[in-house]
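Trainee: Following this line is final16.txt, made up of compact mmCIF, C-alpha atoms and all ligand atoms:
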```
# COMPACT_ATOMS: atom_id res chain seq x y z
CA MET N 242 -72.57 13.90 74.15
CA SER N 243 -71.10 12.20 71.06
CA ALA N 244 -72.99 9.75 68.81
CA PRO N 245 -74.18 6.60 70.63
CA LEU N 246 -72.26 3.35 70.39
CA ILE N 247 -73.96 0.98 67.95
CA ASP N 248 -72.32 -2.31 67.03
CA PRO N 249 -72.38 -4.04 63.60
CA PHE N 250 -75.49 -6.01 64.62
CA HIS N 251 -77.42 -2.81 65.44
CA ARG N 252 -77.17 -3.33 69.18
CA ALA N 253 -76.86 -0.11 71.20
CA ILE N 254 -74.07 -0.47 73.76
CA ASN N 255 -75.24 1.34 76.88
CA TYR N 256 -73.97 -0.93 79.63
CA LEU N 257 -70.36 -1.11 80.86
CA ARG N 258 -69.03 -3.55 83.41
CA VAL N 259 -65.77 -2.52 84.96
CA SER N 260 -63.40 -4.74 86.85
CA VAL N 261 -61.51 -2.46 89.24
CA THR N 262 -59.11 -5.10 90.58
CA ASP N 263 -58.12 -8.69 89.88
CA ARG N 264 -57.52 -9.29 93.60
CA CYS N 265 -59.93 -10.92 95.97
CA ASP N 266 -60.18 -11.95 99.60
CA PHE N 267 -61.85 -15.24 98.57
CA ARG N 268 -60.62 -18.06 96.34
CA CYS N 269 -63.85 -19.57 95.00
CA VAL N 270 -63.02 -22.94 93.47
CA TYR N 271 -64.79 -22.25 90.14
CA CYS N 272 -63.15 -18.84 89.78
CA MET N 273 -59.55 -18.95 91.00
CA SER N 274 -56.82 -21.35 91.93
CA GLU N 275 -55.61 -21.15 95.51
CA ASN N 276 -52.25 -19.71 94.49
CA MET N 277 -53.24 -16.97 92.11
CA THR N 278 -50.60 -14.62 90.75
CA PHE N 279 -52.01 -11.12 90.63
CA LEU N 280 -51.00 -8.29 88.38
CA PRO N 281 -48.36 -5.79 89.44
CA LYS N 282 -50.03 -2.58 90.65
CA LYS N 283 -48.60 -0.43 87.84
CA GLU N 284 -50.53 -2.51 85.31
CA LEU N 285 -53.83 -1.46 86.89
CA LEU N 286 -55.69 1.64 85.93
CA SER N 287 -55.42 4.18 88.73
CA LEU N 288 -58.63 5.47 90.29
CA GLU N 289 -58.23 8.69 88.28
CA GLU N 290 -57.77 6.67 85.08
CA LEU N 291 -60.85 4.61 85.91
CA ASP N 292 -62.77 7.84 86.34
CA ARG N 293 -61.57 9.20 82.98
CA MET N 294 -62.31 5.92 81.25
CA CYS N 295 -65.81 5.54 82.67
CA SER N 296 -66.62 9.21 82.11
CA THR N 297 -65.62 8.85 78.46
CA PHE N 298 -67.93 5.86 78.03
CA ILE N 299 -70.74 7.75 79.77
CA GLY N 300 -70.15 10.63 77.34
CA MET N 301 -70.66 8.09 74.54
CA GLY N 302 -74.00 6.84 75.79
CA VAL N 303 -73.27 4.33 78.53
CA GLU N 304 -76.11 4.65 81.05
CA LYS N 305 -75.44 1.75 83.33
CA LEU N 306 -72.20 1.05 85.13
CA ARG N 307 -71.59 -2.13 87.11
CA ILE N 308 -68.43 -2.27 89.20
CA THR N 309 -66.95 -5.71 89.67
CA GLY N 310 -63.64 -7.53 89.97
CA GLY N 311 -61.98 -9.52 91.62
CA GLU N 312 -63.59 -8.13 94.70
CA PRO N 313 -64.25 -4.44 94.04
CA LEU N 314 -64.52 -3.51 97.72
CA VAL N 315 -60.99 -4.71 98.51
CA ARG N 316 -59.44 -2.13 96.17
CA ARG N 317 -57.87 0.59 98.30
CA ASP N 318 -59.83 3.86 98.31
CA ILE N 319 -62.42 2.49 95.90
CA MET N 320 -65.08 4.67 97.51
CA THR N 321 -63.27 7.68 96.04
CA PHE N 322 -64.03 6.32 92.60
CA PHE N 323 -67.67 5.56 93.47
CA ALA N 324 -68.04 9.07 94.89
CA ALA N 325 -66.60 10.53 91.67
CA MET N 326 -69.27 8.72 89.63
CA THR N 327 -72.03 10.47 91.61
CA ARG N 328 -71.65 13.53 89.38
CA HIS N 329 -72.84 11.49 86.39
CA LEU N 330 -75.87 10.25 88.34
CA ASP N 331 -76.61 13.84 89.34
CA SER N 332 -76.35 15.06 85.74
CA GLY N 333 -78.73 12.30 84.61
CA ALA N 334 -76.23 10.91 82.07
CA LEU N 335 -75.75 7.81 84.20
CA LYS N 336 -78.99 6.04 85.10
CA GLU N 337 -77.56 3.38 87.36
CA LEU N 338 -74.40 2.69 89.34
CA THR N 339 -74.24 -0.83 90.77
CA LEU N 340 -71.76 -3.41 91.92
CA THR N 341 -71.26 -7.13 92.18
CA THR N 342 -69.57 -8.18 95.40
CA ASN N 343 -68.85 -11.23 97.50
CA GLY N 344 -70.30 -9.27 100.42
CA SER N 345 -67.28 -9.59 102.72
CA GLN N 346 -66.79 -5.82 103.03
CA LEU N 347 -70.42 -4.73 102.80
CA GLU N 348 -70.84 -4.23 106.51
CA ARG N 349 -68.18 -1.55 106.28
CA PHE N 350 -69.25 0.11 103.04
CA ALA N 351 -73.05 -0.26 102.75
CA ASP N 352 -73.91 3.22 104.09
CA GLN N 353 -71.26 4.93 101.97
CA LEU N 354 -72.46 3.11 98.87
CA HIS N 355 -75.95 4.42 99.44
CA VAL N 356 -74.66 7.95 99.97
CA VAL N 357 -72.84 7.97 96.59
CA GLY N 358 -76.00 6.85 94.80
CA VAL N 359 -75.80 3.06 94.59
CA ARG N 360 -79.29 1.60 95.03
CA ARG N 361 -78.81 -2.06 94.14
CA VAL N 362 -76.06 -4.59 94.83
CA ASN N 363 -75.59 -8.13 93.62
CA VAL N 364 -74.11 -10.35 96.30
CA SER N 365 -72.65 -13.70 95.27
CA LEU N 366 -73.66 -16.45 97.66
CA ASP N 367 -73.75 -20.11 96.65
CA THR N 368 -74.73 -21.76 99.93
CA LEU N 369 -76.16 -20.98 103.36
CA ASP N 370 -74.18 -23.73 105.04
CA GLU N 371 -71.14 -22.40 106.90
CA LYS N 372 -68.95 -25.40 106.21
CA LYS N 373 -69.86 -25.59 102.52
CA PHE N 374 -69.33 -21.83 102.22
CA ALA N 375 -65.81 -22.18 103.63
CA ASP N 376 -65.16 -25.05 101.21
CA ILE N 377 -66.38 -23.33 98.06
CA THR N 378 -64.81 -19.91 98.77
CA ARG N 379 -61.73 -21.46 100.45
CA TRP N 380 -61.06 -18.24 102.42
CA GLY N 381 -64.56 -16.83 103.00
CA ARG N 382 -66.60 -16.84 106.21
CA LEU N 383 -70.37 -17.00 105.90
CA PRO N 384 -71.37 -14.96 109.01
CA GLN N 385 -69.36 -11.98 107.71
CA VAL N 386 -71.22 -12.06 104.40
CA LEU N 387 -74.60 -12.42 106.11
CA ARG N 388 -73.82 -9.38 108.27
CA GLY N 389 -72.91 -7.54 105.07
CA ILE N 390 -76.24 -8.41 103.49
CA ASP N 391 -78.09 -7.19 106.58
CA ALA N 392 -76.10 -3.95 106.54
CA ALA N 393 -76.87 -3.41 102.85
CA GLN N 394 -80.59 -3.87 103.39
CA LYS N 395 -80.51 -1.60 106.41
CA ALA N 396 -78.74 1.06 104.35
CA GLY N 397 -81.57 0.95 101.81
CA LEU N 398 -79.79 -1.02 99.11
CA ARG N 399 -81.83 -3.55 97.18
CA VAL N 400 -79.95 -6.86 97.36
CA LYS N 401 -80.00 -9.58 94.76
CA ILE N 402 -78.27 -12.87 95.39
CA ASN N 403 -76.33 -14.54 92.59
CA ALA N 404 -75.68 -18.23 93.11
CA VAL N 405 -73.62 -20.43 90.83
CA ALA N 406 -75.53 -23.68 90.25
CA LEU N 407 -73.18 -26.51 91.17
CA LYS N 408 -74.06 -30.12 90.81
CA GLY N 409 -73.79 -32.10 94.01
CA PHE N 410 -73.01 -28.92 95.92
CA ASN N 411 -76.06 -26.68 96.25
CA GLU N 412 -78.69 -28.82 94.52
CA ASP N 413 -80.06 -29.75 97.94
CA GLU N 414 -80.38 -26.07 98.91
CA LEU N 415 -82.67 -25.04 96.06
CA VAL N 416 -85.71 -24.69 98.30
CA SER N 417 -83.93 -23.49 101.46
CA MET N 418 -82.10 -20.74 99.57
CA THR N 419 -85.30 -19.72 97.81
CA GLU N 420 -87.16 -19.49 101.14
CA TRP N 421 -84.30 -17.67 102.86
CA CYS N 422 -84.29 -15.05 100.11
CA ALA N 423 -88.09 -14.80 100.09
CA ASP N 424 -88.11 -14.13 103.86
CA ARG N 425 -85.77 -11.19 103.28
CA ASP N 426 -87.47 -9.86 100.15
CA ILE N 427 -84.40 -10.72 98.09
CA ASP N 428 -84.43 -11.82 94.46
CA LEU N 429 -82.28 -14.78 93.53
CA THR N 430 -80.48 -15.48 90.27
CA TRP N 431 -78.84 -18.77 89.36
CA ILE N 432 -75.79 -18.81 87.10
CA GLU N 433 -74.43 -21.68 85.05
CA VAL N 434 -70.77 -22.34 85.66
CA MET N 435 -68.72 -21.07 82.72
CA PRO N 436 -65.44 -22.37 81.28
CA MET N 437 -63.22 -19.44 82.25
CA GLY N 438 -59.54 -19.65 83.17
CA ASP N 439 -57.38 -22.46 84.43
CA ILE N 440 -58.43 -23.21 88.00
CA GLY N 441 -56.24 -26.20 88.74
CA ASN N 442 -57.76 -29.65 88.81
CA GLU N 443 -61.40 -28.69 89.41
CA ASP N 444 -63.66 -30.46 86.95
CA ARG N 445 -66.16 -28.03 85.41
CA LEU N 446 -68.17 -30.68 83.62
CA GLY N 447 -68.64 -32.33 87.00
CA GLN N 448 -69.70 -28.97 88.46
CA TYR N 449 -72.13 -28.16 85.70
CA TRP N 450 -75.78 -28.21 86.83
CA LYS N 451 -78.09 -27.42 83.94
CA LEU N 452 -80.48 -24.61 84.76
CA THR N 453 -83.24 -26.30 82.76
CA ASP N 454 -83.04 -29.07 85.36
CA LEU N 455 -82.93 -26.57 88.25
CA ARG N 456 -85.95 -24.77 86.84
CA ALA N 457 -87.91 -28.00 86.42
CA ARG N 458 -87.24 -28.84 90.07
CA LEU N 459 -88.38 -25.39 91.16
CA ALA N 460 -91.58 -25.89 89.17
CA GLU N 461 -92.34 -29.07 91.16
CA ARG N 462 -92.64 -26.90 94.25
CA TYR N 463 -93.75 -23.45 93.06
CA THR N 464 -95.90 -21.88 90.36
CA LEU N 465 -93.58 -20.13 87.92
CA THR N 466 -94.80 -17.17 85.88
CA GLU N 467 -92.52 -16.16 83.04
CA LEU N 468 -91.63 -12.45 83.12
CA ALA N 469 -91.08 -10.40 80.00
CA GLU N 470 -88.34 -8.39 81.72
CA ARG N 471 -85.08 -8.22 79.78
CA THR N 472 -81.85 -6.63 80.86
CA GLY N 473 -79.97 -7.12 77.60
CA GLY N 474 -77.92 -9.89 79.18
CA PRO N 475 -78.20 -13.66 79.27
CA ALA N 476 -80.73 -13.64 82.13
CA ARG N 477 -84.37 -14.67 82.05
CA TYR N 478 -86.76 -14.23 84.96
CA VAL N 479 -89.79 -15.90 86.49
CA ARG N 480 -91.96 -14.91 89.44
CA LEU N 481 -92.75 -17.49 92.10
CA GLU N 482 -96.44 -16.99 92.78
CA GLU N 483 -96.21 -18.45 96.29
CA THR N 484 -93.45 -16.10 97.51
CA GLY N 485 -93.77 -13.19 95.07
CA GLN N 486 -90.01 -13.12 94.50
CA LYS N 487 -88.18 -12.96 91.21
CA ILE N 488 -85.92 -15.82 90.23
CA GLY N 489 -83.37 -15.33 87.45
CA PHE N 490 -81.55 -17.83 85.28
CA ILE N 491 -78.30 -16.85 83.62
CA THR N 492 -77.74 -19.46 80.97
CA PRO N 493 -75.03 -18.48 78.53
CA LEU N 494 -74.42 -22.17 77.86
CA THR N 495 -77.78 -23.86 77.44
CA HIS N 496 -79.19 -20.79 75.71
CA ASN N 497 -77.62 -18.07 73.76
CA PHE N 498 -79.24 -14.65 74.13
CA CYS N 499 -76.45 -12.77 72.44
CA GLU N 500 -78.75 -11.10 69.91
CA SER N 501 -79.88 -8.61 72.56
CA CYS N 502 -76.46 -8.09 74.18
CA ASN N 503 -76.00 -4.44 75.13
CA ARG N 504 -72.79 -4.66 77.16
CA VAL N 505 -69.02 -4.58 77.04
CA ARG N 506 -66.49 -5.30 79.78
CA LEU N 507 -63.44 -3.35 80.84
CA THR N 508 -60.69 -5.13 82.77
CA CYS N 509 -58.68 -3.53 85.54
CA THR N 510 -55.79 -3.06 83.09
CA GLY N 511 -57.92 -1.19 80.57
CA GLU N 512 -58.64 -3.98 78.09
CA LEU N 513 -62.09 -3.86 76.60
CA TYR N 514 -63.72 -7.22 75.96
CA MET N 515 -66.61 -6.93 73.56
CA CYS N 516 -67.83 -10.42 74.53
CA LEU N 517 -67.30 -12.35 77.78
CA GLY N 518 -66.89 -15.56 75.79
CA GLN N 519 -64.38 -14.46 73.15
CA GLU N 520 -60.67 -13.67 73.25
CA ASP N 521 -60.77 -10.51 71.14
CA MET N 522 -60.13 -7.32 73.07
CA ALA N 523 -59.00 -3.76 72.56
CA ASP N 524 -56.31 -2.06 74.61
CA LEU N 525 -57.78 1.20 75.87
CA ARG N 526 -55.05 1.89 78.41
CA ALA N 527 -52.58 3.05 75.76
CA PRO N 528 -54.79 5.78 74.28
CA LEU N 529 -55.82 6.77 77.81
CA ARG N 530 -52.26 7.01 79.20
CA ASN N 531 -50.56 8.32 76.08
CA PHE N 532 -52.99 11.22 75.69
CA PRO N 533 -53.63 12.56 79.17
CA THR N 534 -55.11 15.87 78.02
CA THR N 535 -57.43 14.79 75.22
CA THR N 536 -60.05 12.05 75.03
CA ALA N 537 -60.34 11.96 71.22
CA PRO N 538 -57.88 9.03 70.74
CA LEU N 539 -59.62 7.07 73.51
CA GLN N 540 -63.02 7.73 71.97
CA GLU N 541 -61.73 6.56 68.60
CA ALA N 542 -60.30 3.37 70.14
CA ILE N 543 -63.66 2.70 71.82
CA ARG N 544 -65.55 3.21 68.54
CA ASN N 545 -63.15 0.89 66.72
CA ALA N 546 -63.57 -1.76 69.39
CA ILE N 547 -67.36 -1.65 69.16
CA THR N 548 -67.18 -2.28 65.42
CA ARG N 549 -65.53 -5.61 66.34
CA LYS N 550 -68.21 -6.76 68.80
CA PRO N 551 -68.99 -10.33 67.72
CA LYS N 552 -72.44 -11.71 67.17
CA GLY N 553 -72.09 -14.09 70.12
CA HIS N 554 -69.95 -16.50 72.09
CA ASP N 555 -69.03 -20.14 71.40
CA PHE N 556 -69.26 -21.78 74.84
CA ASP N 557 -70.46 -25.33 74.46
CA TYR N 558 -70.57 -28.21 76.97
CA SER N 559 -72.85 -30.33 74.80
CA ARG N 560 -70.21 -32.65 73.36
CA GLN N 561 -69.00 -33.63 76.81
CA SER N 562 -65.91 -31.53 76.45
CA VAL N 563 -65.59 -27.90 77.37
CA ASP N 564 -65.54 -26.19 74.01
CA GLY N 565 -65.19 -22.50 73.43
CA ARG N 566 -63.16 -22.20 76.62
CA VAL N 567 -61.49 -18.85 77.20
CA THR N 568 -58.17 -18.75 78.98
CA ARG N 569 -58.62 -15.71 81.21
CA HIS N 570 -60.26 -15.89 84.63
CA MET N 571 -63.66 -14.43 85.41
CA SER N 572 -61.96 -12.27 88.05
CA HIS N 573 -59.90 -10.67 85.26
CA THR N 574 -62.79 -9.70 83.00
CA GLY N 575 -65.29 -9.24 85.79
CA GLY N 576 -68.41 -11.37 86.04
N1 LIG N 601 -65.98 -10.93 93.69
C1 LIG N 601 -67.26 -10.49 93.27
C2 LIG N 601 -68.29 -11.58 93.46
O1 LIG N 601 -67.94 -12.73 93.72
O2 LIG N 601 -69.48 -11.24 93.35
C3 LIG N 601 -67.32 -9.97 91.85
C4 LIG N 601 -66.53 -10.70 90.81
S1 LIG N 601 -67.03 -12.37 90.50
C5 LIG N 601 -65.89 -12.83 89.23
C6 LIG N 601 -68.58 -12.11 89.66
C7 LIG N 601 -69.47 -13.31 89.53
O3 LIG N 601 -68.86 -14.25 88.69
C8 LIG N 601 -69.79 -14.02 90.83
O4 LIG N 601 -71.18 -14.07 90.99
C9 LIG N 601 -69.22 -15.41 90.63
O5 LIG N 601 -70.00 -16.37 91.25
C10 LIG N 601 -69.24 -15.52 89.13
N2 LIG N 601 -68.27 -16.50 88.60
C11 LIG N 601 -66.95 -16.60 88.81
N3 LIG N 601 -66.41 -17.62 88.10
C12 LIG N 601 -67.42 -18.19 87.42
C13 LIG N 601 -67.52 -19.27 86.51
N4 LIG N 601 -66.47 -19.97 86.14
N5 LIG N 601 -68.76 -19.54 85.99
C14 LIG N 601 -69.85 -18.81 86.34
N6 LIG N 601 -69.82 -17.78 87.18
C15 LIG N 601 -68.63 -17.47 87.73
FE1 LIG N 602 -63.42 -13.67 94.41
FE2 LIG N 602 -65.77 -13.28 93.26
FE3 LIG N 602 -63.96 -14.93 92.13
FE4 LIG N 602 -65.12 -15.66 94.40
S1 LIG N 602 -66.14 -15.31 92.43
S2 LIG N 602 -62.90 -15.76 93.95
S3 LIG N 602 -65.40 -13.76 95.43
S4 LIG N 602 -63.77 -12.76 92.38
```
Kindly transcribe the structure held in the file into structure tokens.
Mentor:
Amino acid sequence: MSAPLIDPFHRAINYLRVSVTDRCDFRCVYCMSENMTFLPKKELLSLEELDRMCSTFIGMGVEKLRITGGEPLVRRDIMTFFAAMTRHLDSGALKELTLTTNGSQLERFADQLHVVGVRRVNVSLDTLDEKKFADITRWGRLPQVLRGIDAAQKAGLRVKINAVALKGFNEDELVSMTEWCADRDIDLTWIEVMPMGDIGNEDRLGQYWKLTDLRARLAERYTLTELAERTGGPARYVRLEETGQKIGFITPLTHNFCESCNRVRLTCTGELYMCLGQEDMADLRAPLRNFPTTTAPLQEAIRNAITRKPKGHDFDYSRQSVDGRVTRHMSHTGG
């Protein structure tokens, strides 16, 4: 293994999130417009290129790989890529292989995911109401996702639900979602809506539900014990004493936990974003494609990119305008 990746602020980069497609079978209103234009296939890294790219990062000290998108499970033959990553789990170089999914294809893939070594999945689910689910995802169907969650649990995968906190949308489901998750031994993490991409005429300030407010409401009902657990990302956790479950808060806007950031994000076209909230990126596809038989140029490009990892992002809703907005969609960089 080559020397570990350390950025200018002495943070060790050991976590890579990889978007394997920009396509999706849903059109969540905060993420995409209804008429999205997707990238031509030749722009995407092939499954073999994804393997080479991820293996290079793993050789440079990445220990945790999270596969995301778009919807990762709609990429054709994606299980071939997951299966290829098993060798890194077997060697011990990779400690964890996970994915973030909308759950629509989990019923089909849960068993296979477990076989290749995935042990945890994050499923995005903002509401338990069928009608509201159809509204927020535009194309999604709740029963299909619920069957996927059941299948994942049956296959032995630990499920965590990620819910975007949306004012006037799921505020009234705070307790019912908490109880639903508790009944199934599922942890639940709330995410603040972020200013990513042009999504038509949706109003993000209107959608924005402060997690400090959500947390205060939770505390009216449950006893919250702060947990010391840190994942290197913008999440903080509490335990609900009454249910025993873990509740997470991802608050890149109201708080800024960038000082402990250990991650970088690779898009499906091979761009490396050193920060979710900044525009700077490095093109890794060129050194990958131009040098098919040696990884040295790719490794050098990765090292150069890490030297440009910024101290933090500049998202800010506080002045009643969405400052620090970035123009690309979350589905491009991968959430
Ligand atoms: N399709 C998969 C899914 O929905 O889980 C993976 C990709 S999706 C872009 C990853 C996560 O980003 C989801 O949990 C989604 O709710 C979240 N997300 C998308 N747009 C967002 C936004 N503008 N603000 C906050 N979270 C967002
Ligand atoms: Fe698709 Fe996930 Fe974006 Fe929803 S949040 S449109 S499921 S990529």
Trainee: Put the listed atoms of ligand LIG 601 (chain N) in a box along x, y and z with 5 Å added on every side and give me the centre and edge lengths in Å to one decimal, as JSON.
Mentor:
```
{"center_x": -68.5, "center_y": -15.0, "center_z": 89.9, "size_x": 15.3, "size_y": 20.0, "size_z": 17.7}
```
Trainee: Choose the residue, out of N:Phe374, N:Phe322, N:Phe532, N:Tyr449, that has the smallest atom-to-atom separation from ligand LIG 602 (chain N); count only C-alpha atoms and all ligand atoms.
Mentor: N:Phe374
Trainee: Select, from N:Glu284, N:Leu465, N:Lys487, N:Met435, the residue with the minimum atom-to-atom distance to Leu517 in chain N, counting only C-alpha atoms.
Mentor: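 Looking at the shortest contact to Leu517 in chain N, the residue is N:Met435.
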Trainee: Could you tell me how far CA of Phe490 in chain N sits from CA of Asp426 in chain N, in Å to one decimal place?
Mentor: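 A separation of 17.9 Å between them.
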Trainee: Considering only C-alpha atoms, state which residue in the set N:Phe323, N:Arg526, N:Leu507, N:Ile491 is at the smallest distance from Gln353 in chain N.
Mentor: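 Smallest separation from Gln353 in chain N among the options: N:Phe323.
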Trainee: Any residue with an atom at most 6 Å from ligand LIG 602 (chain N) counts, using only C-alpha atoms and all ligand atoms. Which are they? Put them as a PDB file with C-alpha atoms, in the frame of the given file.
Mentor:
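The resulting out-v8.pdb:
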```pdb
ATOM      1  CA  CYS N 265     -59.930 -10.920  95.970  1.00  0.00           C
ATOM      2  CA  PHE N 267     -61.850 -15.240  98.570  1.00  0.00           C
ATOM      3  CA  ARG N 268     -60.620 -18.060  96.340  1.00  0.00           C
ATOM      4  CA  CYS N 269     -63.850 -19.570  95.000  1.00  0.00           C
ATOM      5  CA  CYS N 272     -63.150 -18.840  89.780  1.00  0.00           C
ATOM      6  CA  MET N 273     -59.550 -18.950  91.000  1.00  0.00           C
ATOM      7  CA  GLY N 310     -63.640  -7.530  89.970  1.00  0.00           C
ATOM      8  CA  GLY N 311     -61.980  -9.520  91.620  1.00  0.00           C
ATOM      9  CA  GLU N 312     -63.590  -8.130  94.700  1.00  0.00           C
ATOM     10  CA  ASN N 343     -68.850 -11.230  97.500  1.00  0.00           C
ATOM     11  CA  SER N 572     -61.960 -12.270  88.050  1.00  0.00           C
TER      12      SER N 572
END
```
Trainee: Enter the distance from CA of Leu452 in chain N to CA of Asn363 in chain N, in Å, rounded to one decimal.
Mentor: 19.3 Å
Trainee: Can you measure CA of Ala404 in chain N to CA of Glu512 in chain N for me? One decimal in Å is fine.
Mentor: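 Those two atoms sit 26.8 Å apart.
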Trainee: Which of these residues is nearest to ligand LIG 601 (chain N), using all atoms listed in the file: N:Met326, N:Val356, N:Leu314, N:Ala375?
Mentor: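 With all atoms listed in the file as the atom set, the closest residue is N:Leu314.
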Trainee: Quick one: of N:Asp352, N:Asp248, N:Asp370, N:Glu433, who's nearest to Ala546 in chain N, counting all atoms listed in the file?
Mentor: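 Using all atoms listed in the file, the shortest distance to Ala546 in chain N belongs to N:Asp248.
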Trainee: Counting only C-alpha atoms and all ligand atoms, which of N:Ala324, N:Val416, N:Leu481, N:Ile402 gets nearest to ligand LIG 601 (chain N)?
Mentor: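 Residue with the minimum atom-to-atom distance to ligand LIG 601 (chain N): N:Ile402.
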Trainee: Can you tell me, as an MDAnalysis selection string, what residues are no more than 8 Å from Leu369 in chain N when counting all atoms listed in the file, ignoring any on the same chain fewer than 3 positions away?
Mentor: chainID N and resid 366 373:374 383 414 418
Trainee: Any chance you can output those residues with C-alpha atoms as a short mmCIF file (atom, residue, chain, number, x, y, z; two decimals), keeping the file's coordinate frame?
Mentor:
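Written output follows (out.cif):
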```cif
data_model
loop_
_atom_site.label_atom_id
_atom_site.label_comp_id
_atom_site.auth_asym_id
_atom_site.auth_seq_id
_atom_site.Cartn_x
_atom_site.Cartn_y
_atom_site.Cartn_z
CA LEU N 366 -73.66 -16.45 97.66
CA LYS N 373 -69.86 -25.59 102.52
CA PHE N 374 -69.33 -21.83 102.22
CA LEU N 383 -70.37 -17.00 105.90
CA GLU N 414 -80.38 -26.07 98.91
CA MET N 418 -82.10 -20.74 99.57
#
```
Trainee: Need to verify the contact set: Thr419 in chain N, 10 Å, all atoms listed in the file, exclusion of same-chain residues closer than 5 positions in sequence. Can you return it as a ChimeraX atom specification?
Mentor: /N:414,424,427-430,459,481,484,486-488
Trainee: If we count only C-alpha atoms and set the cut-off at 12 Å, which residues sit around Arg477 in chain N, ignoring sequence neighbours fewer than 4 positions away in its own chain? Please answer as a count of residues only.
Mentor: 25
Trainee: Might you pull out every residue within 8 Å of Val315 in chain N, with all atoms listed in the file counted and same-chain residues fewer than 2 positions away left off, and present them as number ranges by chain?
Mentor: N: 264-266, 312-313, 317, 319, 346
Trainee: Tell me, as a count of residues only, which residues lie within 12 Å of Asn503 in chain N, counting all atoms listed in the file; anything in the same chain fewer than 3 positions away does not count.
Mentor: 32
